[in-house]
>>> print(open('work.pdb').read())   # PDB, C-alpha atoms
ATOM      1  CA  MET P   1      12.243  25.376   3.505
ATOM      2  CA  ASN P   2      13.664  21.972   4.464
ATOM      3  CA  LEU P   3      15.956  20.169   2.060
ATOM      4  CA  GLU P   4      14.193  17.061   0.746
ATOM      5  CA  LEU P   5      15.150  14.171  -1.483
ATOM      6  CA  ARG P   6      13.151  15.563  -4.420
ATOM      7  CA  HIS P   7      15.279  18.700  -4.257
ATOM      8  CA  LEU P   8      18.429  16.625  -4.620
ATOM      9  CA  ARG P   9      16.914  14.930  -7.647
ATOM     10  CA  ILE P  10      16.176  18.318  -9.196
ATOM     11  CA  LEU P  11      19.762  19.498  -8.689
ATOM     12  CA  ARG P  12      21.121  16.252 -10.110
ATOM     13  CA  ALA P  13      18.897  16.433 -13.193
ATOM     14  CA  VAL P  14      19.840  20.063 -13.957
ATOM     15  CA  ALA P  15      23.543  19.290 -13.544
ATOM     16  CA  GLU P  16      23.444  16.121 -15.691
ATOM     17  CA  LEU P  17      21.340  17.611 -18.505
ATOM     18  CA  GLY P  18      22.862  21.094 -18.347
ATOM     19  CA  SER P  19      19.463  22.671 -18.911
ATOM     20  CA  VAL P  20      16.593  23.714 -16.687
ATOM     21  CA  ASN P  21      14.114  23.072 -19.525
ATOM     22  CA  GLN P  22      15.397  19.559 -20.199
ATOM     23  CA  ALA P  23      15.487  18.759 -16.481
ATOM     24  CA  ALA P  24      11.877  19.921 -16.122
ATOM     25  CA  THR P  25      10.817  17.667 -19.004
ATOM     26  CA  ALA P  26      12.701  14.676 -17.579
ATOM     27  CA  LEU P  27      11.145  15.153 -14.127
ATOM     28  CA  GLY P  28       7.636  15.805 -15.440
ATOM     29  CA  LEU P  29       7.559  19.387 -14.136
ATOM     30  CA  SER P  30       6.877  22.676 -15.809
ATOM     31  CA  GLN P  31       9.909  24.874 -16.462
ATOM     32  CA  PRO P  32       8.594  27.739 -14.250
ATOM     33  CA  ASN P  33       7.891  25.306 -11.419
ATOM     34  CA  LEU P  34      11.382  23.791 -11.562
ATOM     35  CA  SER P  35      13.059  27.234 -11.839
ATOM     36  CA  ARG P  36      11.086  28.404  -8.815
ATOM     37  CA  GLN P  37      12.214  25.394  -6.777
ATOM     38  CA  VAL P  38      15.864  25.953  -7.757
ATOM     39  CA  ARG P  39      15.616  29.601  -6.631
ATOM     40  CA  ARG P  40      14.113  28.556  -3.303
ATOM     41  CA  LEU P  41      16.923  26.030  -2.852
ATOM     42  CA  GLU P  42      19.472  28.757  -3.497
ATOM     43  CA  GLU P  43      17.781  30.945  -0.879
ATOM     44  CA  THR P  44      17.839  28.057   1.595
ATOM     45  CA  LEU P  45      21.470  27.145   0.947
ATOM     46  CA  GLY P  46      22.612  30.758   0.848
ATOM     47  CA  GLY P  47      24.141  31.031  -2.621
ATOM     48  CA  THR P  48      23.852  30.448  -6.360
ATOM     49  CA  LEU P  49      23.827  26.794  -7.366
ATOM     50  CA  PHE P  50      23.955  27.164 -11.155
ATOM     51  CA  GLU P  51      25.393  29.668 -13.578
ATOM     52  CA  ARG P  52      22.953  30.192 -16.458
ATOM     53  CA  ASP P  53      23.783  31.488 -19.939
ATOM     54  CA  ILE P  54      22.919  30.709 -23.548
ATOM     55  CA  GLN P  55      24.940  27.499 -23.308
ATOM     56  CA  GLY P  56      22.795  26.162 -20.443
ATOM     57  CA  ALA P  57      23.246  25.711 -16.702
ATOM     58  CA  ARG P  58      26.517  24.790 -15.002
ATOM     59  CA  PRO P  59      26.997  24.094 -11.269
ATOM     60  CA  THR P  60      28.811  26.724  -9.243
ATOM     61  CA  ALA P  61      31.330  25.802  -6.554
ATOM     62  CA  LEU P  62      28.458  25.686  -4.031
ATOM     63  CA  GLY P  63      26.403  23.626  -6.469
ATOM     64  CA  LEU P  64      29.242  21.137  -6.917
ATOM     65  CA  ALA P  65      29.650  20.833  -3.141
ATOM     66  CA  VAL P  66      25.955  20.087  -2.708
ATOM     67  CA  LEU P  67      25.911  17.654  -5.636
ATOM     68  CA  ASP P  68      28.961  15.865  -4.260
ATOM     69  CA  ARG P  69      26.970  15.068  -1.126
ATOM     70  CA  ALA P  70      23.688  14.485  -2.954
ATOM     71  CA  GLU P  71      24.979  11.945  -5.477
ATOM     72  CA  PRO P  72      25.529   8.994  -3.063
ATOM     73  CA  ILE P  73      22.191   9.700  -1.358
ATOM     74  CA  VAL P  74      20.261   9.603  -4.636
ATOM     75  CA  HIS P  75      22.208   6.519  -5.743
ATOM     76  CA  LEU P  76      21.426   4.671  -2.528
ATOM     77  CA  LEU P  77      17.761   5.583  -2.840
ATOM     78  CA  HIS P  78      17.700   4.275  -6.401
ATOM     79  CA  GLU P  79      19.180   0.967  -5.226
ATOM     80  CA  LEU P  80      16.596   0.814  -2.432
ATOM     81  CA  GLU P  81      13.731   1.422  -4.857
ATOM     82  CA  GLN P  82      15.011  -1.351  -7.128
ATOM     83  CA  ARG P  83      15.326  -3.710  -4.165
ATOM     84  CA  LEU P  84      11.801  -2.930  -2.980
ATOM     85  CA  ALA P  85      10.443  -3.460  -6.487
ATOM     86  CA  ALA P  86      12.145  -6.860  -6.596
ATOM     87  CA  LEU P  87      10.737  -7.787  -3.185
ATOM     88  CA  HIS P  88       7.219  -6.772  -4.235
ATOM     89  CA  ALA P  89       7.548  -8.817  -7.419
ATOM     90  CA  GLN P  90       8.721 -11.805  -5.365
ATOM     91  CA  ARG P  91       5.823 -11.383  -2.943
ATOM     92  CA  ASP P  92       3.389 -11.352  -5.857
ATOM     93  CA  ARG P  93       4.686 -14.794  -6.837
ATOM     94  CA  LEU P  94       4.006 -16.228  -3.362
ATOM     95  CA  LEU P  95       0.871 -17.719  -1.836
ATOM     96  CA  ARG P  96       1.077 -17.030   1.879
ATOM     97  CA  VAL P  97      -1.028 -19.344   4.024
ATOM     98  CA  GLY P  98      -1.327 -19.301   7.786
ATOM     99  CA  TRP P  99      -3.074 -20.396  10.932
ATOM    100  CA  ALA P 100      -3.067 -19.609  14.628
ATOM    101  CA  THR P 101      -4.426 -22.173  17.081
ATOM    102  CA  THR P 102      -6.358 -24.542  14.830
ATOM    103  CA  PRO P 103      -5.598 -28.276  15.128
ATOM    104  CA  LEU P 104      -6.333 -28.620  11.411
ATOM    105  CA  HIS P 105      -3.149 -27.033  10.083
ATOM    106  CA  GLU P 106      -1.897 -30.353   8.716
ATOM    107  CA  LEU P 107      -5.029 -30.567   6.577
ATOM    108  CA  LEU P 108      -4.290 -27.114   5.186
ATOM    109  CA  LEU P 109      -0.737 -28.178   4.354
ATOM    110  CA  ARG P 110      -2.074 -31.234   2.517
ATOM    111  CA  CYS P 111      -4.341 -28.977   0.494
ATOM    112  CA  LEU P 112      -1.274 -27.152  -0.792
ATOM    113  CA  ASP P 113      -0.340 -30.410  -2.532
ATOM    114  CA  CYS P 114      -3.841 -30.953  -3.940
ATOM    115  CA  VAL P 115      -4.879 -27.472  -5.094
ATOM    116  CA  ASP P 116      -3.406 -25.974  -8.251
ATOM    117  CA  VAL P 117      -1.977 -22.648  -7.074
ATOM    118  CA  GLY P 118      -0.505 -21.793 -10.475
ATOM    119  CA  VAL P 119       2.928 -20.212 -10.486
ATOM    120  CA  ARG P 120       2.679 -19.075  -6.872
ATOM    121  CA  ARG P 121       5.010 -20.674  -4.353
ATOM    122  CA  PRO P 122       3.410 -21.486  -0.974
ATOM    123  CA  ARG P 123       4.827 -19.895   2.158
ATOM    124  CA  VAL P 124       3.629 -20.512   5.719
ATOM    125  CA  ARG P 125       3.162 -17.942   8.473
ATOM    126  CA  THR P 126       1.610 -18.618  11.868
ATOM    127  CA  ALA P 127       0.129 -16.287  14.468
ATOM    128  CA  ALA P 128      -0.284 -16.437  18.231
ATOM    129  CA  SER P 129      -4.047 -15.870  18.179
ATOM    130  CA  SER P 130      -7.025 -15.889  15.842
ATOM    131  CA  TRP P 131      -7.360 -12.143  16.327
ATOM    132  CA  GLU P 132      -3.767 -11.578  15.197
ATOM    133  CA  LEU P 133      -4.270 -13.951  12.275
ATOM    134  CA  ALA P 134      -7.301 -12.001  11.041
ATOM    135  CA  GLU P 135      -5.316  -8.766  11.292
ATOM    136  CA  LEU P 136      -2.517 -10.270   9.175
ATOM    137  CA  VAL P 137      -5.046 -11.257   6.510
ATOM    138  CA  ARG P 138      -6.586  -7.792   6.640
ATOM    139  CA  ALA P 139      -3.144  -6.192   6.246
ATOM    140  CA  GLY P 140      -2.338  -8.356   3.212
ATOM    141  CA  GLU P 141       0.428 -10.273   5.012
ATOM    142  CA  ILE P 142      -1.406 -13.614   4.643
ATOM    143  CA  ASP P 143      -3.429 -14.606   1.565
ATOM    144  CA  ILE P 144      -5.397 -17.584   2.950
ATOM    145  CA  ALA P 145      -5.820 -18.359   6.648
ATOM    146  CA  LEU P 146      -7.431 -21.254   8.488
ATOM    147  CA  ILE P 147      -9.149 -19.909  11.567
ATOM    148  CA  ASP P 148     -11.228 -21.332  14.449
ATOM    149  CA  THR P 149     -14.050 -19.373  16.094
ATOM    150  CA  TYR P 150     -16.794 -20.275  18.540
ATOM    151  CA  SER P 151     -19.880 -21.703  16.883
ATOM    152  CA  ASP P 152     -22.189 -19.256  18.685
ATOM    153  CA  THR P 153     -20.454 -16.189  17.235
ATOM    154  CA  PRO P 154     -21.720 -14.897  13.870
ATOM    155  CA  PRO P 155     -19.539 -15.178  10.782
ATOM    156  CA  LEU P 156     -17.637 -12.109   9.721
ATOM    157  CA  SER P 157     -19.698  -9.001   9.088
ATOM    158  CA  ARG P 158     -17.015  -6.822   7.536
ATOM    159  CA  THR P 159     -16.468  -6.076   3.882
ATOM    160  CA  ASP P 160     -12.666  -6.295   4.087
ATOM    161  CA  LEU P 161     -12.563 -10.059   4.746
ATOM    162  CA  ALA P 162     -14.294 -13.041   3.191
ATOM    163  CA  GLU P 163     -15.037 -16.172   5.225
ATOM    164  CA  VAL P 164     -15.807 -19.647   3.918
ATOM    165  CA  VAL P 165     -17.005 -22.095   6.585
ATOM    166  CA  VAL P 166     -15.594 -25.573   6.000
ATOM    167  CA  GLY P 167     -17.004 -27.384   9.048
ATOM    168  CA  TRP P 168     -17.868 -27.524  12.731
ATOM    169  CA  SER P 169     -16.540 -29.677  15.548
ATOM    170  CA  GLN P 170     -17.340 -30.284  19.185
ATOM    171  CA  VAL P 171     -15.832 -29.100  22.448
ATOM    172  CA  ALA P 172     -15.449 -31.553  25.333
ATOM    173  CA  LEU P 173     -14.043 -31.609  28.862
ATOM    174  CA  ALA P 174     -10.424 -32.723  29.225
ATOM    175  CA  MET P 175      -8.971 -34.107  32.455
ATOM    176  CA  GLY P 176      -6.367 -36.537  33.679
ATOM    177  CA  ALA P 177      -7.331 -40.204  33.449
ATOM    178  CA  ASN P 178      -7.046 -40.373  37.267
ATOM    179  CA  HIS P 179      -9.570 -37.574  37.819
ATOM    180  CA  PRO P 180     -12.763 -38.715  39.624
ATOM    181  CA  LEU P 181     -14.957 -37.282  36.866
ATOM    182  CA  ALA P 182     -13.227 -39.475  34.309
ATOM    183  CA  ARG P 183     -15.468 -42.333  35.513
ATOM    184  CA  ALA P 184     -18.637 -40.325  36.163
ATOM    185  CA  PRO P 185     -21.686 -41.649  34.236
ATOM    186  CA  SER P 186     -22.595 -38.135  33.089
ATOM    187  CA  ILE P 187     -21.177 -34.640  33.484
ATOM    188  CA  ALA P 188     -23.061 -31.330  33.486
ATOM    189  CA  LEU P 189     -21.528 -27.871  33.673
ATOM    190  CA  ALA P 190     -22.878 -27.397  37.201
ATOM    191  CA  ASP P 191     -20.865 -30.454  38.301
ATOM    192  CA  LEU P 192     -17.692 -28.476  37.604
ATOM    193  CA  ALA P 193     -18.304 -25.616  40.027
ATOM    194  CA  ASP P 194     -15.645 -26.824  42.484
ATOM    195  CA  GLU P 195     -13.005 -27.759  39.909
ATOM    196  CA  ASP P 196      -9.740 -25.972  39.157
ATOM    197  CA  TRP P 197      -9.631 -24.835  35.543
ATOM    198  CA  ILE P 198      -7.000 -24.287  32.887
ATOM    199  CA  THR P 199      -7.889 -21.321  30.707
ATOM    200  CA  CYS P 200      -6.277 -19.849  27.619
ATOM    201  CA  SER P 201      -4.471 -16.534  27.829
ATOM    202  CA  GLY P 202      -4.427 -14.158  24.894
ATOM    203  CA  PRO P 203      -6.683 -11.777  22.947
ATOM    204  CA  ASP P 204      -9.197 -14.331  21.613
ATOM    205  CA  GLY P 205     -11.545 -14.083  24.592
ATOM    206  CA  CYS P 206     -11.276 -17.701  25.774
ATOM    207  CA  THR P 207     -11.456 -16.741  29.450
ATOM    208  CA  ASP P 208     -14.499 -14.525  28.916
ATOM    209  CA  LYS P 209     -16.213 -17.332  27.010
ATOM    210  CA  LEU P 210     -15.517 -19.821  29.800
ATOM    211  CA  ARG P 211     -16.843 -17.424  32.439
ATOM    212  CA  ALA P 212     -20.004 -16.813  30.405
ATOM    213  CA  LEU P 213     -20.626 -20.543  29.962
ATOM    214  CA  CYS P 214     -20.191 -21.256  33.664
ATOM    215  CA  ALA P 215     -22.290 -18.254  34.665
ATOM    216  CA  GLY P 216     -25.181 -19.872  32.803
ATOM    217  CA  SER P 217     -24.885 -22.775  35.239
ATOM    218  CA  GLY P 218     -24.702 -20.520  38.284
ATOM    219  CA  PHE P 219     -21.000 -20.377  39.157
ATOM    220  CA  ASP P 220     -17.771 -18.548  38.404
ATOM    221  CA  PRO P 221     -14.993 -20.961  37.371
ATOM    222  CA  ARG P 222     -11.942 -21.152  39.605
ATOM    223  CA  LEU P 223      -9.200 -20.262  37.150
ATOM    224  CA  THR P 224      -5.900 -21.567  38.478
ATOM    225  CA  HIS P 225      -3.744 -22.086  35.376
ATOM    226  CA  TYR P 226      -3.277 -19.733  32.419
ATOM    227  CA  LEU P 227      -1.691 -21.233  29.309
ATOM    228  CA  PRO P 228      -1.388 -20.299  25.626
ATOM    229  CA  PRO P 229      -4.082 -21.869  23.415
ATOM    230  CA  VAL P 230      -1.536 -24.431  22.195
ATOM    231  CA  SER P 231       0.807 -25.626  24.932
ATOM    232  CA  ASP P 232       2.916 -28.757  25.278
ATOM    233  CA  CYS P 233       2.563 -28.731  29.063
ATOM    234  CA  ARG P 234      -1.258 -28.834  29.121
ATOM    235  CA  GLY P 235      -1.339 -32.623  29.462
ATOM    236  CA  ALA P 236       1.194 -32.642  32.296
ATOM    237  CA  ILE P 237      -0.802 -30.035  34.247
ATOM    238  CA  LEU P 238      -4.068 -31.916  33.726
ATOM    239  CA  ARG P 239      -2.474 -35.127  34.992
ATOM    240  CA  SER P 240      -0.603 -33.695  37.978
ATOM    241  CA  ARG P 241      -2.907 -30.914  39.221
ATOM    242  CA  ARG P 242      -6.255 -32.765  38.928
ATOM    243  CA  CYS P 243      -7.784 -29.841  37.015
ATOM    244  CA  VAL P 244     -10.048 -29.615  33.964
ATOM    245  CA  THR P 245     -10.248 -27.610  30.734
ATOM    246  CA  LEU P 246     -12.284 -27.328  27.556
ATOM    247  CA  HIS P 247     -10.724 -29.093  24.598
ATOM    248  CA  GLN P 248     -11.426 -29.217  20.874
ATOM    249  CA  VAL P 249     -12.171 -32.850  20.076
ATOM    250  CA  LEU P 250     -10.186 -32.631  16.834
ATOM    251  CA  ARG P 251      -7.078 -31.589  18.731
ATOM    252  CA  PRO P 252      -4.739 -34.481  19.679
ATOM    253  CA  VAL P 253      -5.246 -35.730  23.226
ATOM    254  CA  PRO P 254      -2.073 -35.881  25.381
ATOM    255  CA  PRO P 255      -1.117 -39.218  26.982
ATOM    256  CA  GLY P 256      -2.896 -39.846  30.267
ATOM    257  CA  VAL P 257      -5.686 -37.386  29.409
ATOM    258  CA  VAL P 258      -9.286 -38.314  28.630
ATOM    259  CA  LEU P 259     -12.136 -36.395  27.014
ATOM    260  CA  ARG P 260     -15.680 -36.512  28.380
ATOM    261  CA  PRO P 261     -18.760 -34.850  26.899
ATOM    262  CA  ILE P 262     -20.577 -32.195  28.917
ATOM    263  CA  ALA P 263     -24.254 -33.011  28.638
ATOM    264  CA  ASP P 264     -25.567 -29.449  28.589
ATOM    265  CA  LEU P 265     -22.728 -27.855  26.619
ATOM    266  CA  THR P 266     -23.747 -26.871  23.102
ATOM    267  CA  LEU P 267     -20.610 -24.882  22.321
ATOM    268  CA  GLY P 268     -18.680 -25.933  19.252
ATOM    269  CA  ILE P 269     -15.925 -24.643  16.989
ATOM    270  CA  ARG P 270     -16.421 -23.246  13.503
ATOM    271  CA  HIS P 271     -13.536 -23.899  11.119
ATOM    272  CA  SER P 272     -13.220 -21.302   8.359
ATOM    273  CA  LEU P 273     -10.974 -19.993   5.641
ATOM    274  CA  LEU P 274     -10.289 -16.267   5.516
ATOM    275  CA  SER P 275      -9.009 -14.107   2.692
ATOM    276  CA  ARG P 276      -9.245 -10.564   1.398
ATOM    277  CA  PRO P 277     -11.868 -10.309  -1.364
ATOM    278  CA  ASP P 278      -9.375  -8.304  -3.441
ATOM    279  CA  GLY P 279      -6.351 -10.470  -2.585
ATOM    280  CA  PRO P 280      -4.619 -13.274  -4.498
ATOM    281  CA  GLY P 281      -6.111 -15.908  -2.211
ATOM    282  CA  ALA P 282      -9.734 -15.091  -3.053
ATOM    283  CA  ALA P 283      -9.777 -17.007  -6.345
ATOM    284  CA  LEU P 284      -8.312 -20.095  -4.641
ATOM    285  CA  MET P 285     -10.761 -20.143  -1.713
ATOM    286  CA  PRO P 286     -13.373 -22.453  -3.356
ATOM    287  CA  ALA P 287     -10.747 -25.068  -4.258
ATOM    288  CA  PHE P 288      -9.164 -24.928  -0.810
ATOM    289  CA  ALA P 289     -12.608 -25.161   0.804
ATOM    290  CA  ARG P 290     -13.539 -28.280  -1.179
ATOM    291  CA  CYS P 291     -10.235 -29.915  -0.290
ATOM    292  CA  LEU P 292     -10.551 -29.059   3.408
ATOM    293  CA  ILE P 293     -14.162 -30.234   3.634
ATOM    294  CA  SER P 294     -13.190 -33.597   2.219
ATOM    295  CA  ALA P 295     -10.172 -33.938   4.515
ATOM    296  CA  LEU P 296     -12.165 -32.791   7.542
ATOM    297  CA  ARG P 297     -14.838 -35.434   6.959
ATOM    298  CA  VAL P 298     -12.177 -38.131   6.851
ATOM    299  CA  LEU P 299     -10.589 -36.842  10.053
ATOM    300  CA  ALA P 300     -14.000 -36.647  11.753
ATOM    301  CA  ARG P 301     -14.707 -40.281  10.935
ATOM    302  CA  GLN P 302     -11.286 -41.252  12.249
ATOM    303  CA  ARG P 303     -11.947 -39.391  15.499
ATOM    304  CA  ALA P 304     -15.570 -40.588  15.668
ATOM    305  CA  THR P 305     -16.555 -36.937  15.914
ATOM    306  CA  ALA P 306     -19.650 -35.331  14.463
ATOM    307  CA  VAL P 307     -18.501 -32.642  12.097
ATOM    308  CA  ASP P 308     -21.083 -31.138   9.798
ATOM    309  CA  ALA P 309     -19.469 -29.587   6.730
ATOM    310  CA  SER P 310     -22.703 -29.306   4.752
ATOM    311  CA  GLY P 311     -23.154 -25.633   5.548
ATOM    312  CA  LEU P 312     -20.500 -24.364   3.159
ATOM    313  CA  ARG P 313     -21.111 -20.721   2.486
ATOM    314  CA  ALA P 314     -19.264 -17.549   1.641
ATOM    315  CA  VAL P 315     -20.001 -14.674   3.957
ATOM    316  CA  ARG P 316     -19.761 -11.394   2.080
ATOM    317  CA  PRO P 317     -21.808  -8.710   3.831
ATOM    318  CA  ALA P 318     -23.365  -5.967   1.757
TER     319      ALA P 318
END
>>> encode(input="work.pdb", output="structure tokens")
Amino acid sequence: MNLELRHLRILRAVAELGSVNQAATALGLSQPNLSRQVRRLEETLGGTLFERDIQGARPTALGLAVLDRAEPIVHLLHELEQRLAALHAQRDRLLRVGWATTPLHELLLRCLDCVDVGVRRPRVRTAASSWELAELVRAGEIDIALIDTYSDTPPLSRTDLAEVVVGWSQVALAMGANHPLARAPSIALADLADEDWITCSGPDGCTDKLRALCAGSGFDPRLTHYLPPVSDCRGAILRSRRCVTLHQVLRPVPPGVVLRPIADLTLGIRHSLLSRPDGPGAALMPAFARCLISALRVLARQRATAVDASGLRAVRPA
């Protein structure tokens, strides 16, 4: 039998109360069960831990030696339990919002000033990818997340997450202003077969999506630069290396970079809110969705971008 923390608690209770019966009651155990555990402890430790008579139970020399070591351990554990309880209580008073690669995070932050979140205090947490962000929501580490997914992928089909679609936006071709295609009258995917491409590294499948799109036009893209989905050096590479990349039209355009539509590209981005149906963010999702839809329409008009937010829906599979 291995000595465990519960055994130390048993010894401490018997010593403090001076009675096996009272210790059993205090610990929620039956008297035979507690007596049996004390006997097994004595067998493990090789000696009698308590002297028992009509006056109760008193620690022996061996019992005192064990209790002397056990007391600080049990005390430290008690402090740890209190600290964890305080941390859990503090977490319950927080509203944790997050995003990964979306360009709409400022809109989400504005919603925190417009939506009544009650007594909860907002806290922000970001992730490196949409996949990681969804996992954080699933694990209960984020209450409400703003996530971007490809428009041709179905909404969530899992019961552990709820998705509310707040709008869609377009994807265009980004290149340096000095690139020959920047002045082309029209661009089709097939026109890009000989171009060098920037692609996004990470677990969100951006490279696979790009390959699939180009395969539909009969070529495999020449991937020469791998960058994170959000990178400050993207504009510099586009300008200096004469390459191209796909770009969300709602994302800011770096200086010296232009966006051109691809005539036969129907791919877009779906902007959604995620939460756990049983989490604290679920009740706030409708209010956040209304706020984001309104803000997204304003931003779309400012960017002269077609964003259809009329398809608001909650995806809760059976």
>>> resolve_selection(input="work.pdb", expression="the PyMOL selection byres ((chain P and resi 271) around 12)", output="number ranges by chain")
P: 99-105, 107-108, 130, 145-151, 155, 163-170, 248, 250, 268-270, 272-274, 289, 292-293, 296, 307-309, 311-313
>>> resolve_selection(input="work.pdb", expression="the PyMOL selection byres ((chain P and resi 260) around 7)", output="list in words")
Ala172, Leu173, Ala174, Val258, Leu259, Pro261 and Ile262 of chain P
>>> closest_residue(input="work.pdb", among="P:Gly63, P:Gly140, P:Pro229, P:Pro122", to="Gly279 in chain P", atoms="all atoms listed in the file")
P:Gly140
>>> atom_distance(input="work.pdb", atom1="CA of Asp194 in chain P", atom2="CA of Asp152 in chain P")
25.8 Å
>>> closest_residue(input="work.pdb", among="P:Ala128, P:Leu27, P:Ile198, P:Pro59", to="Leu246 in chain P", atoms="all atoms listed in the file")
P:Ile198
>>> resolve_selection(input="work.pdb", expression="the PyMOL selection byres ((chain P and resi 200) around 12)", output="ChimeraX atom specification")
/P:101,128-129,197-199,201-211,223-231,234,245-247
>>> atom_distance(input="work.pdb", atom1="CA of Val244 in chain P", atom2="CA of Leu133 in chain P")
27.4 Å
>>> residues_around(input="work.pdb", residues="Val137 in chain P", least_positions_apart="5", cutoff="7 Å", atoms="all atoms listed in the file", output="list in words")
Ile142, Asp143, Ser275 and Arg276 of chain P
>>> closest_residue(input="work.pdb", among="P:Asp160, P:Gly47, P:Gly98, P:Val20", to="Glu132 in chain P", atoms="all atoms listed in the file")
P:Gly98
>>> residues_around(input="work.pdb", residues="range 8-19 of chain P", least_positions_apart="5", cutoff="8 Å", atoms="all atoms listed in the file", output="NGL selection string")
:P and (3 or 26-27 or 34 or 38 or 56-59 or 67 or 70-71 or 74)
>>> residues_around(input="work.pdb", residues="Cys214 in chain P", least_positions_apart="4", cutoff="9 Å", atoms="all atoms listed in the file", output="ChimeraX atom specification")
/P:189-190,192-193,209-210,218-221
>>> write_last_selection(input="work.pdb", atoms="C-alpha atoms", output="PDB file, in the coordinates of the input")
ATOM      1  CA  LEU P 189     -21.528 -27.871  33.673  1.00  0.00           C
ATOM      2  CA  ALA P 190     -22.878 -27.397  37.201  1.00  0.00           C
ATOM      3  CA  LEU P 192     -17.692 -28.476  37.604  1.00  0.00           C
ATOM      4  CA  ALA P 193     -18.304 -25.616  40.027  1.00  0.00           C
ATOM      5  CA  LYS P 209     -16.213 -17.332  27.010  1.00  0.00           C
ATOM      6  CA  LEU P 210     -15.517 -19.821  29.800  1.00  0.00           C
ATOM      7  CA  GLY P 218     -24.702 -20.520  38.284  1.00  0.00           C
ATOM      8  CA  PHE P 219     -21.000 -20.377  39.157  1.00  0.00           C
ATOM      9  CA  ASP P 220     -17.771 -18.548  38.404  1.00  0.00           C
ATOM     10  CA  PRO P 221     -14.993 -20.961  37.371  1.00  0.00           C
TER      11      PRO P 221
END
>>> closest_residue(input="work.pdb", among="P:Ala282, P:Ala182, P:Leu299, P:Ile187", to="Glu106 in chain P", atoms="all atoms listed in the file")
P:Leu299
